[in-house]
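Enquirer: Structure file final.cif (mmCIF, N, CA and C atoms) is given on the next line.
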data_work
loop_
_atom_site.label_atom_id
_atom_site.label_comp_id
_atom_site.auth_asym_id
_atom_site.auth_seq_id
_atom_site.Cartn_x
_atom_site.Cartn_y
_atom_site.Cartn_z
N MET A 16 0.84 -1.18 0.00
CA MET A 16 0.00 0.00 0.00
C MET A 16 0.88 1.25 0.00
N LEU A 17 0.48 2.21 -0.77
CA LEU A 17 1.24 3.44 -0.87
C LEU A 17 0.94 4.33 0.33
N SER A 18 1.97 4.91 0.87
CA SER A 18 1.76 5.66 2.11
C SER A 18 1.83 7.17 1.93
N SER A 19 2.76 7.64 1.15
CA SER A 19 2.92 9.09 1.08
C SER A 19 2.31 9.65 -0.21
N PHE A 20 2.07 10.92 -0.19
CA PHE A 20 1.49 11.62 -1.32
C PHE A 20 2.42 11.58 -2.53
N SER A 21 3.70 11.71 -2.30
CA SER A 21 4.67 11.69 -3.41
C SER A 21 4.70 10.32 -4.09
N GLU A 22 4.53 9.25 -3.33
CA GLU A 22 4.51 7.89 -3.92
C GLU A 22 3.27 7.70 -4.79
N VAL A 23 2.16 8.24 -4.38
CA VAL A 23 0.92 8.13 -5.16
C VAL A 23 1.08 8.84 -6.48
N ILE A 24 1.62 10.04 -6.46
CA ILE A 24 1.82 10.82 -7.70
C ILE A 24 2.82 10.12 -8.62
N THR A 25 3.91 9.64 -8.07
CA THR A 25 4.93 8.94 -8.87
C THR A 25 4.34 7.69 -9.51
N ASN A 26 3.56 6.95 -8.77
CA ASN A 26 2.94 5.72 -9.29
C ASN A 26 1.97 6.04 -10.42
N ASP A 27 1.15 7.08 -10.28
CA ASP A 27 0.19 7.45 -11.32
C ASP A 27 0.90 7.90 -12.60
N ILE A 28 1.94 8.69 -12.44
CA ILE A 28 2.67 9.17 -13.63
C ILE A 28 3.38 8.01 -14.32
N THR A 29 3.90 7.07 -13.56
CA THR A 29 4.58 5.89 -14.13
C THR A 29 3.60 5.06 -14.96
N LYS A 30 2.41 4.83 -14.43
CA LYS A 30 1.38 4.08 -15.18
C LYS A 30 1.01 4.81 -16.47
N PHE A 31 0.88 6.12 -16.37
CA PHE A 31 0.55 6.93 -17.54
C PHE A 31 1.64 6.82 -18.61
N LEU A 32 2.90 6.89 -18.19
CA LEU A 32 4.01 6.80 -19.14
C LEU A 32 4.09 5.40 -19.78
N TYR A 33 3.77 4.35 -19.03
CA TYR A 33 3.74 3.00 -19.60
C TYR A 33 2.67 2.89 -20.68
N GLN A 34 1.52 3.50 -20.46
CA GLN A 34 0.46 3.48 -21.46
C GLN A 34 0.88 4.22 -22.73
N ILE A 35 1.53 5.37 -22.53
CA ILE A 35 2.00 6.14 -23.70
C ILE A 35 3.03 5.33 -24.48
N SER A 36 3.92 4.65 -23.76
CA SER A 36 4.97 3.88 -24.46
C SER A 36 4.38 2.73 -25.26
N THR A 37 3.31 2.09 -24.77
CA THR A 37 2.69 1.00 -25.53
C THR A 37 1.91 1.52 -26.73
N ILE A 38 1.24 2.68 -26.57
CA ILE A 38 0.45 3.23 -27.67
C ILE A 38 1.35 3.76 -28.78
N LEU A 39 2.38 4.51 -28.41
CA LEU A 39 3.26 5.14 -29.41
C LEU A 39 4.48 4.29 -29.76
N ASP A 40 4.62 3.18 -29.10
CA ASP A 40 5.75 2.28 -29.34
C ASP A 40 7.09 2.98 -29.13
N LEU A 41 7.21 3.61 -27.94
CA LEU A 41 8.44 4.28 -27.53
C LEU A 41 9.07 3.53 -26.37
N PRO A 42 10.38 3.64 -26.18
CA PRO A 42 11.02 2.95 -25.05
C PRO A 42 10.59 3.59 -23.71
N VAL A 43 10.24 2.77 -22.76
CA VAL A 43 9.75 3.24 -21.47
C VAL A 43 10.85 3.94 -20.67
N ASP A 44 12.08 3.45 -20.78
CA ASP A 44 13.20 4.02 -20.02
C ASP A 44 13.40 5.51 -20.35
N ILE A 45 13.29 5.86 -21.62
CA ILE A 45 13.49 7.25 -22.02
C ILE A 45 12.37 8.13 -21.47
N LEU A 46 11.13 7.64 -21.57
CA LEU A 46 10.00 8.42 -21.05
C LEU A 46 10.11 8.60 -19.53
N LEU A 47 10.49 7.57 -18.82
CA LEU A 47 10.63 7.68 -17.36
C LEU A 47 11.75 8.63 -16.96
N SER A 48 12.86 8.58 -17.68
CA SER A 48 13.98 9.46 -17.31
C SER A 48 13.65 10.93 -17.60
N ARG A 49 12.86 11.18 -18.66
CA ARG A 49 12.55 12.56 -19.03
C ARG A 49 11.39 13.15 -18.23
N TYR A 50 10.34 12.37 -18.03
CA TYR A 50 9.08 12.94 -17.54
C TYR A 50 8.67 12.53 -16.13
N LEU A 51 9.41 11.66 -15.52
CA LEU A 51 9.07 11.29 -14.14
C LEU A 51 9.71 12.30 -13.19
N PRO A 52 8.88 13.09 -12.48
CA PRO A 52 9.46 14.13 -11.62
C PRO A 52 10.00 13.56 -10.31
N LYS A 53 10.93 14.30 -9.75
CA LYS A 53 11.45 13.97 -8.42
C LYS A 53 10.69 14.85 -7.43
N ILE A 54 9.81 14.23 -6.69
CA ILE A 54 8.91 14.97 -5.81
C ILE A 54 9.35 14.82 -4.36
N LYS A 55 9.41 15.95 -3.68
CA LYS A 55 9.68 15.94 -2.25
C LYS A 55 8.50 16.60 -1.55
N THR A 56 8.01 15.98 -0.52
CA THR A 56 6.91 16.58 0.24
C THR A 56 7.38 16.87 1.65
N PHE A 57 6.85 17.93 2.19
CA PHE A 57 7.21 18.36 3.54
C PHE A 57 5.94 18.56 4.34
N LYS A 58 6.04 18.32 5.62
CA LYS A 58 4.92 18.63 6.50
C LYS A 58 4.98 20.11 6.83
N LYS A 59 3.82 20.73 6.83
CA LYS A 59 3.74 22.15 7.12
C LYS A 59 3.91 22.37 8.61
N LYS A 60 4.77 23.30 8.96
CA LYS A 60 4.97 23.62 10.37
C LYS A 60 3.88 24.57 10.82
N LYS A 61 3.38 24.34 12.02
CA LYS A 61 2.38 25.25 12.57
C LYS A 61 3.08 26.49 13.10
N ARG A 62 2.51 27.62 12.73
CA ARG A 62 3.07 28.89 13.20
C ARG A 62 2.39 29.29 14.49
N LYS A 63 3.17 29.87 15.36
CA LYS A 63 2.60 30.40 16.59
C LYS A 63 1.99 31.75 16.30
N VAL A 64 0.80 31.95 16.80
CA VAL A 64 0.13 33.23 16.63
C VAL A 64 0.55 34.14 17.78
N VAL A 65 1.13 35.27 17.43
CA VAL A 65 1.60 36.21 18.43
C VAL A 65 0.64 37.39 18.44
N PHE A 66 0.03 37.63 19.57
CA PHE A 66 -0.88 38.74 19.70
C PHE A 66 -0.12 39.98 20.14
N LYS A 67 -0.53 41.10 19.58
CA LYS A 67 0.10 42.36 19.91
C LYS A 67 -0.31 42.76 21.32
N LYS A 68 0.67 43.15 22.11
CA LYS A 68 0.36 43.57 23.47
C LYS A 68 -0.28 44.95 23.45
N LYS A 69 -1.25 45.12 24.31
CA LYS A 69 -1.92 46.41 24.40
C LYS A 69 -1.04 47.40 25.15
N ASN A 70 -1.17 48.64 24.76
CA ASN A 70 -0.43 49.70 25.41
C ASN A 70 -0.96 49.88 26.83
N LYS A 71 -0.10 49.84 27.82
CA LYS A 71 -0.52 49.97 29.21
C LYS A 71 -0.62 51.43 29.65
N TYR A 72 -0.14 52.33 28.82
CA TYR A 72 -0.19 53.74 29.18
C TYR A 72 -1.60 54.27 28.93
N HIS A 73 -2.18 54.93 29.91
CA HIS A 73 -3.51 55.51 29.77
C HIS A 73 -3.38 57.03 29.74
N PHE A 74 -3.97 57.64 28.72
CA PHE A 74 -3.94 59.09 28.59
C PHE A 74 -4.91 59.71 29.59
N GLN A 75 -4.63 60.94 29.98
CA GLN A 75 -5.56 61.67 30.81
C GLN A 75 -6.81 61.96 29.98
N ASN A 76 -7.95 62.11 30.66
CA ASN A 76 -9.21 62.30 29.96
C ASN A 76 -9.21 63.52 29.04
N LYS A 77 -8.50 64.56 29.40
CA LYS A 77 -8.51 65.76 28.56
C LYS A 77 -7.76 65.55 27.25
N TYR A 78 -6.92 64.51 27.14
CA TYR A 78 -6.19 64.23 25.91
C TYR A 78 -6.81 63.07 25.11
N ARG A 79 -7.86 62.44 25.66
CA ARG A 79 -8.47 61.29 25.01
C ARG A 79 -9.56 61.72 24.03
N CYS A 80 -9.85 60.86 23.09
CA CYS A 80 -10.93 61.05 22.14
C CYS A 80 -12.26 61.11 22.90
N ILE A 81 -13.20 61.95 22.46
CA ILE A 81 -14.45 62.12 23.21
C ILE A 81 -15.57 61.20 22.71
N ALA A 82 -15.27 60.28 21.81
CA ALA A 82 -16.28 59.37 21.27
C ALA A 82 -16.60 58.26 22.27
N ARG A 83 -17.81 57.71 22.16
CA ARG A 83 -18.25 56.60 23.01
C ARG A 83 -17.89 55.29 22.33
N CYS A 84 -17.48 54.30 23.14
CA CYS A 84 -17.18 52.97 22.63
C CYS A 84 -18.04 51.95 23.37
N TRP A 85 -18.46 50.92 22.67
CA TRP A 85 -19.19 49.80 23.27
C TRP A 85 -18.24 48.63 23.39
N GLY A 86 -18.66 47.60 24.09
CA GLY A 86 -17.89 46.37 24.15
C GLY A 86 -16.99 46.24 25.35
N GLU A 87 -17.04 47.17 26.26
CA GLU A 87 -16.25 47.05 27.47
C GLU A 87 -17.00 46.20 28.48
N LYS A 88 -16.46 46.09 29.69
CA LYS A 88 -17.06 45.26 30.72
C LYS A 88 -18.46 45.74 31.08
N HIS A 89 -18.62 47.01 31.32
CA HIS A 89 -19.93 47.57 31.67
C HIS A 89 -20.44 48.39 30.50
N LYS A 90 -21.41 47.85 29.78
CA LYS A 90 -21.95 48.58 28.62
C LYS A 90 -22.89 49.68 29.08
N VAL A 91 -23.77 49.34 30.03
CA VAL A 91 -24.72 50.31 30.55
C VAL A 91 -24.70 50.20 32.07
N MET A 92 -24.57 51.34 32.76
CA MET A 92 -24.56 51.35 34.22
C MET A 92 -25.47 52.47 34.71
N TYR A 93 -25.97 52.31 35.93
CA TYR A 93 -26.78 53.34 36.56
C TYR A 93 -26.08 53.78 37.83
N GLU A 94 -25.78 55.07 37.95
CA GLU A 94 -25.17 55.60 39.17
C GLU A 94 -26.28 56.04 40.10
N VAL A 95 -26.32 55.44 41.27
CA VAL A 95 -27.39 55.72 42.22
C VAL A 95 -27.24 57.12 42.81
N LYS A 96 -26.02 57.53 43.12
CA LYS A 96 -25.80 58.83 43.75
C LYS A 96 -26.24 59.99 42.86
N THR A 97 -25.86 59.94 41.59
CA THR A 97 -26.20 61.03 40.68
C THR A 97 -27.50 60.78 39.92
N ARG A 98 -28.03 59.56 40.02
CA ARG A 98 -29.24 59.13 39.31
C ARG A 98 -29.11 59.36 37.80
N LYS A 99 -27.97 58.95 37.26
CA LYS A 99 -27.72 59.10 35.83
C LYS A 99 -27.31 57.75 35.24
N TRP A 100 -27.65 57.58 33.98
CA TRP A 100 -27.25 56.39 33.23
C TRP A 100 -25.94 56.67 32.53
N ILE A 101 -25.06 55.66 32.53
CA ILE A 101 -23.78 55.75 31.82
C ILE A 101 -23.82 54.70 30.71
N TYR A 102 -23.63 55.14 29.48
CA TYR A 102 -23.70 54.26 28.32
C TYR A 102 -22.30 54.09 27.73
N GLY A 103 -21.76 52.88 27.75
CA GLY A 103 -20.46 52.60 27.17
C GLY A 103 -19.33 53.26 27.93
N THR A 104 -18.19 53.40 27.25
CA THR A 104 -17.02 54.03 27.85
C THR A 104 -16.45 55.06 26.87
N GLN A 105 -15.61 55.91 27.40
CA GLN A 105 -14.93 56.88 26.54
C GLN A 105 -13.81 56.18 25.79
N CYS A 106 -13.61 56.56 24.54
CA CYS A 106 -12.55 55.98 23.71
C CYS A 106 -11.20 56.18 24.42
N LYS A 107 -10.36 55.15 24.38
CA LYS A 107 -9.08 55.20 25.09
C LYS A 107 -7.95 55.77 24.24
N ASN A 108 -8.22 56.05 22.97
CA ASN A 108 -7.17 56.54 22.07
C ASN A 108 -6.90 58.03 22.27
N HIS A 109 -5.72 58.43 21.88
CA HIS A 109 -5.28 59.82 21.97
C HIS A 109 -5.95 60.62 20.86
N ARG A 110 -6.26 61.88 21.12
CA ARG A 110 -6.83 62.75 20.10
C ARG A 110 -5.86 62.90 18.94
N TYR A 111 -6.40 63.09 17.76
CA TYR A 111 -5.58 63.25 16.57
C TYR A 111 -5.42 64.73 16.26
N GLY A 112 -4.23 65.23 16.45
CA GLY A 112 -3.94 66.64 16.18
C GLY A 112 -4.75 67.56 17.08
N LEU A 113 -5.39 68.56 16.52
CA LEU A 113 -6.19 69.51 17.27
C LEU A 113 -7.67 69.11 17.30
N ASN A 114 -8.00 67.95 16.78
CA ASN A 114 -9.39 67.48 16.74
C ASN A 114 -9.81 66.90 18.08
N LYS A 115 -11.10 66.70 18.26
CA LYS A 115 -11.63 66.10 19.48
C LYS A 115 -11.60 64.57 19.42
N TYR A 116 -11.37 64.02 18.23
CA TYR A 116 -11.48 62.58 18.03
C TYR A 116 -10.14 61.97 17.63
N CYS A 117 -10.04 60.64 17.81
CA CYS A 117 -8.88 59.89 17.30
C CYS A 117 -9.09 59.70 15.80
N LYS A 118 -8.14 59.06 15.12
CA LYS A 118 -8.23 58.89 13.67
C LYS A 118 -9.48 58.10 13.27
N THR A 119 -9.76 57.03 13.99
CA THR A 119 -10.90 56.18 13.65
C THR A 119 -12.22 56.94 13.76
N HIS A 120 -12.43 57.61 14.89
CA HIS A 120 -13.69 58.32 15.09
C HIS A 120 -13.76 59.60 14.26
N LEU A 121 -12.61 60.15 13.89
CA LEU A 121 -12.60 61.32 13.02
C LEU A 121 -13.14 60.97 11.64
N LYS A 122 -12.78 59.78 11.13
CA LYS A 122 -13.30 59.32 9.84
C LYS A 122 -14.82 59.16 9.92
N GLN A 123 -15.31 58.58 11.02
CA GLN A 123 -16.75 58.41 11.20
C GLN A 123 -17.44 59.77 11.29
N PHE A 124 -16.82 60.71 11.97
CA PHE A 124 -17.37 62.05 12.12
C PHE A 124 -17.47 62.76 10.76
N LYS A 125 -16.43 62.61 9.94
CA LYS A 125 -16.43 63.25 8.62
C LYS A 125 -17.48 62.64 7.70
N ASN A 126 -17.71 61.32 7.82
CA ASN A 126 -18.68 60.65 6.95
C ASN A 126 -20.12 60.88 7.40
N ASN A 127 -20.38 60.81 8.72
CA ASN A 127 -21.76 60.83 9.22
C ASN A 127 -22.13 62.08 10.01
N GLY A 128 -21.15 62.90 10.37
CA GLY A 128 -21.43 64.07 11.20
C GLY A 128 -21.35 63.78 12.68
N ILE A 129 -21.24 62.52 13.05
CA ILE A 129 -21.12 62.10 14.44
C ILE A 129 -20.55 60.68 14.43
N PRO A 130 -19.74 60.27 15.44
CA PRO A 130 -19.28 58.89 15.49
C PRO A 130 -20.48 57.94 15.63
N HIS A 131 -20.29 56.66 15.30
CA HIS A 131 -21.39 55.69 15.27
C HIS A 131 -22.16 55.63 16.59
N HIS A 132 -21.47 55.70 17.71
CA HIS A 132 -22.13 55.58 19.01
C HIS A 132 -22.25 56.92 19.73
N GLY A 133 -21.95 58.00 19.06
CA GLY A 133 -22.10 59.33 19.64
C GLY A 133 -20.91 59.74 20.49
N ASN A 134 -21.07 60.88 21.17
CA ASN A 134 -20.03 61.38 22.07
C ASN A 134 -20.29 60.85 23.46
N TYR A 135 -19.24 60.73 24.25
CA TYR A 135 -19.36 60.11 25.57
C TYR A 135 -20.21 60.93 26.53
N GLY A 136 -20.18 62.23 26.46
CA GLY A 136 -20.94 63.07 27.39
C GLY A 136 -22.42 63.20 27.05
N SER A 137 -22.83 62.80 25.87
CA SER A 137 -24.23 62.96 25.47
C SER A 137 -24.92 61.60 25.33
N ASP A 138 -26.24 61.63 25.07
CA ASP A 138 -26.99 60.38 24.89
C ASP A 138 -26.59 59.72 23.58
N PRO A 139 -26.65 58.39 23.51
CA PRO A 139 -26.33 57.69 22.26
C PRO A 139 -27.34 58.02 21.17
N PRO A 140 -26.90 58.02 19.91
CA PRO A 140 -27.81 58.37 18.82
C PRO A 140 -28.73 57.23 18.39
N HIS A 141 -28.67 56.09 19.05
CA HIS A 141 -29.51 54.94 18.69
C HIS A 141 -30.06 54.30 19.96
N MET A 142 -30.95 53.35 19.80
CA MET A 142 -31.61 52.71 20.94
C MET A 142 -30.96 51.38 21.31
N HIS A 143 -29.73 51.18 20.95
CA HIS A 143 -29.02 49.93 21.24
C HIS A 143 -28.93 49.67 22.74
N TYR A 144 -28.87 50.70 23.52
CA TYR A 144 -28.67 50.57 24.96
C TYR A 144 -29.95 50.19 25.71
N ASP A 145 -31.13 50.31 25.08
CA ASP A 145 -32.40 50.06 25.78
C ASP A 145 -32.50 48.65 26.36
N LYS A 146 -32.04 47.64 25.62
CA LYS A 146 -32.16 46.27 26.12
C LYS A 146 -31.34 46.07 27.40
N PHE A 147 -30.17 46.71 27.48
CA PHE A 147 -29.36 46.61 28.70
C PHE A 147 -29.99 47.41 29.84
N LYS A 148 -30.54 48.54 29.50
CA LYS A 148 -31.15 49.42 30.49
C LYS A 148 -32.36 48.73 31.13
N LYS A 149 -33.18 48.03 30.34
CA LYS A 149 -34.36 47.32 30.86
C LYS A 149 -33.96 46.19 31.80
N LYS A 150 -32.89 45.49 31.47
CA LYS A 150 -32.42 44.40 32.34
C LYS A 150 -32.02 44.94 33.70
N ILE A 151 -31.29 46.05 33.70
CA ILE A 151 -30.83 46.64 34.96
C ILE A 151 -32.02 47.18 35.76
N GLU A 152 -32.96 47.82 35.08
CA GLU A 152 -34.13 48.37 35.77
C GLU A 152 -34.96 47.27 36.42
N SER A 153 -35.16 46.17 35.71
CA SER A 153 -35.96 45.09 36.28
C SER A 153 -35.22 44.35 37.39
N LYS A 154 -33.92 44.26 37.28
CA LYS A 154 -33.14 43.53 38.28
C LYS A 154 -33.06 44.29 39.60
N PHE A 155 -32.88 45.61 39.53
CA PHE A 155 -32.68 46.40 40.75
C PHE A 155 -33.85 47.32 41.08
N PHE A 156 -34.96 47.20 40.39
CA PHE A 156 -36.16 48.02 40.63
C PHE A 156 -35.82 49.51 40.62
N ILE A 157 -35.08 49.95 39.64
CA ILE A 157 -34.62 51.35 39.60
C ILE A 157 -35.77 52.30 39.33
N ARG A 158 -36.68 51.98 38.44
CA ARG A 158 -37.79 52.87 38.12
C ARG A 158 -38.66 53.11 39.36
N LYS A 159 -38.93 52.03 40.09
CA LYS A 159 -39.79 52.14 41.27
C LYS A 159 -39.15 53.03 42.33
N ILE A 160 -37.88 52.82 42.59
CA ILE A 160 -37.16 53.62 43.60
C ILE A 160 -37.11 55.09 43.15
N TYR A 161 -36.81 55.30 41.86
CA TYR A 161 -36.67 56.66 41.34
C TYR A 161 -38.00 57.40 41.41
N HIS A 162 -39.10 56.76 41.06
CA HIS A 162 -40.41 57.43 41.07
C HIS A 162 -40.94 57.65 42.48
N ASP A 163 -40.59 56.77 43.43
CA ASP A 163 -41.03 56.94 44.82
C ASP A 163 -40.35 58.14 45.47
N ASN A 164 -39.08 58.39 45.13
CA ASN A 164 -38.31 59.47 45.75
C ASN A 164 -38.65 60.82 45.13
N VAL A 165 -39.15 60.85 43.92
CA VAL A 165 -39.42 62.13 43.25
C VAL A 165 -40.75 62.71 43.61
#
Will you turn the file into C-alpha cells for me?
Expert:
Amino acid sequence: MLSSFSEVITNDITKFLYQISTILDLPVDILLSRYLPKIKTFKKKKRKVVFKKKNKYHFQNKYRCIARCWGEKHKVMYEVKTRKWIYGTQCKNHRYGLNKYCKTHLKQFKNNGIPHHGNYGSDPPHMHYDKFKKKIESKFFIRKIYHDNV
C-alpha cells in the first residue's frame, strides 16, 4: 500500500508513461527518465500566533478622544448617587492633532457628522442601549425607587 502523497503521484505518472509507451511504441526508459518528476513533500509547520500587546499607558481624559465605545465590561450602568445612566465608555485613544477625536472616530465624524455611538458626554444616537437598560431596571427596581423618591 502506498503511504505518502509523493509515492501516489509517482505511481500514477509511471502508469501513464507505460500506457503512452505501448500506444506510441516508444522505449519506457526514455520516457521515465525525461518525464518522471522527483517529488519531495514536507509537512507544514504550525506557526505560533503572536498577539500584539496592548499599550498599558492611559492618557488623561482631557487628551483622550471624546467618542463613546461599546464592548467594554460595563456597557450600561446606573449611578445611584447622581441618578444618571452611563452608556459605554470613553474611547481610550489619543486625540488626533487639534481634533476632538482619534483617527478612527474622526473618519466616522467626517462621513456621518457624528461617530457611530455618539459622544461620551451625550446620549447615544440609537436605541441599542435600551435592552441593557431594561435588564438593569428590572433587576434592581430602579424605576420604582426613582419614582417613589421624586
Enquirer: Can you work out the spacing between atom N of Gly136 (chain A) and CA of Lys67 (chain A) in Å, to one decimal?
Expert: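 That distance, rounded to one decimal, is 29.1 Å.
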Enquirer: Please evaluate the PyMOL selection byres (((chain A and resi 138 and name CA) around 12) and name CA) against the structure above and give the resulting residues as a ChimeraX atom specification.
Expert: /A:82-83,91,99-103,132-137,139-145
Enquirer: Could you tell me how far CA of Leu32 (chain A) sits from CA of Leu46 (chain A), in Å to one decimal place?
Expert: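 Result for CA of Leu46 (chain A) versus CA of Leu32 (chain A): 6.5 Å, one decimal.
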Enquirer: Specify as a compact mmCIF listing (two decimals) with N, CA and C atoms, in the coordinates of the input each residue included when the PyMOL selection byres (((chain A and resi 111 and name CA) around 12) and name CA) is applied to this file.
Expert:
# COMPACT_ATOMS: atom_id res chain seq x y z
N TYR A 78 -6.92 64.51 27.14
CA TYR A 78 -6.19 64.23 25.91
C TYR A 78 -6.81 63.07 25.11
N ARG A 79 -7.86 62.44 25.66
CA ARG A 79 -8.47 61.29 25.01
C ARG A 79 -9.56 61.72 24.03
N CYS A 80 -9.85 60.86 23.09
CA CYS A 80 -10.93 61.05 22.14
C CYS A 80 -12.26 61.11 22.90
N ILE A 81 -13.20 61.95 22.46
CA ILE A 81 -14.45 62.12 23.21
C ILE A 81 -15.57 61.20 22.71
N ASN A 108 -8.22 56.05 22.97
CA ASN A 108 -7.17 56.54 22.07
C ASN A 108 -6.90 58.03 22.27
N HIS A 109 -5.72 58.43 21.88
CA HIS A 109 -5.28 59.82 21.97
C HIS A 109 -5.95 60.62 20.86
N ARG A 110 -6.26 61.88 21.12
CA ARG A 110 -6.83 62.75 20.10
C ARG A 110 -5.86 62.90 18.94
N GLY A 112 -4.23 65.23 16.45
CA GLY A 112 -3.94 66.64 16.18
C GLY A 112 -4.75 67.56 17.08
N LEU A 113 -5.39 68.56 16.52
CA LEU A 113 -6.19 69.51 17.27
C LEU A 113 -7.67 69.11 17.30
N ASN A 114 -8.00 67.95 16.78
CA ASN A 114 -9.39 67.48 16.74
C ASN A 114 -9.81 66.90 18.08
N LYS A 115 -11.10 66.70 18.26
CA LYS A 115 -11.63 66.10 19.48
C LYS A 115 -11.60 64.57 19.42
N TYR A 116 -11.37 64.02 18.23
CA TYR A 116 -11.48 62.58 18.03
C TYR A 116 -10.14 61.97 17.63
N CYS A 117 -10.04 60.64 17.81
CA CYS A 117 -8.88 59.89 17.30
C CYS A 117 -9.09 59.70 15.80
N LYS A 118 -8.14 59.06 15.12
CA LYS A 118 -8.23 58.89 13.67
C LYS A 118 -9.48 58.10 13.27
N THR A 119 -9.76 57.03 13.99
CA THR A 119 -10.90 56.18 13.65
C THR A 119 -12.22 56.94 13.76
N HIS A 120 -12.43 57.61 14.89
CA HIS A 120 -13.69 58.32 15.09
C HIS A 120 -13.76 59.60 14.26
N LEU A 121 -12.61 60.15 13.89
CA LEU A 121 -12.60 61.32 13.02
C LEU A 121 -13.14 60.97 11.64
N LYS A 122 -12.78 59.78 11.13
CA LYS A 122 -13.30 59.32 9.84
C LYS A 122 -14.82 59.16 9.92
Enquirer: Find the distance between CA of Lys61 (chain A) and CA of Asn26 (chain A) and write it in Å to one decimal.
Expert: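 That distance, rounded to one decimal, is 29.3 Å.
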Enquirer: So which bits of region 70-159 of chain A end up strand (DSSP E or B) when you DSSP the backbone, as a PyMOL selection string?
Expert: chain A and resi 79+82-84+91-94+99-102+104-105+109+134
Enquirer: As a PyMOL selection string, list the residues of region 34-133 of chain A assigned to alpha helix (DSSP H) by DSSP on the backbone atoms of this structure.
Expert: chain A and resi 34-39+43-50+118-127
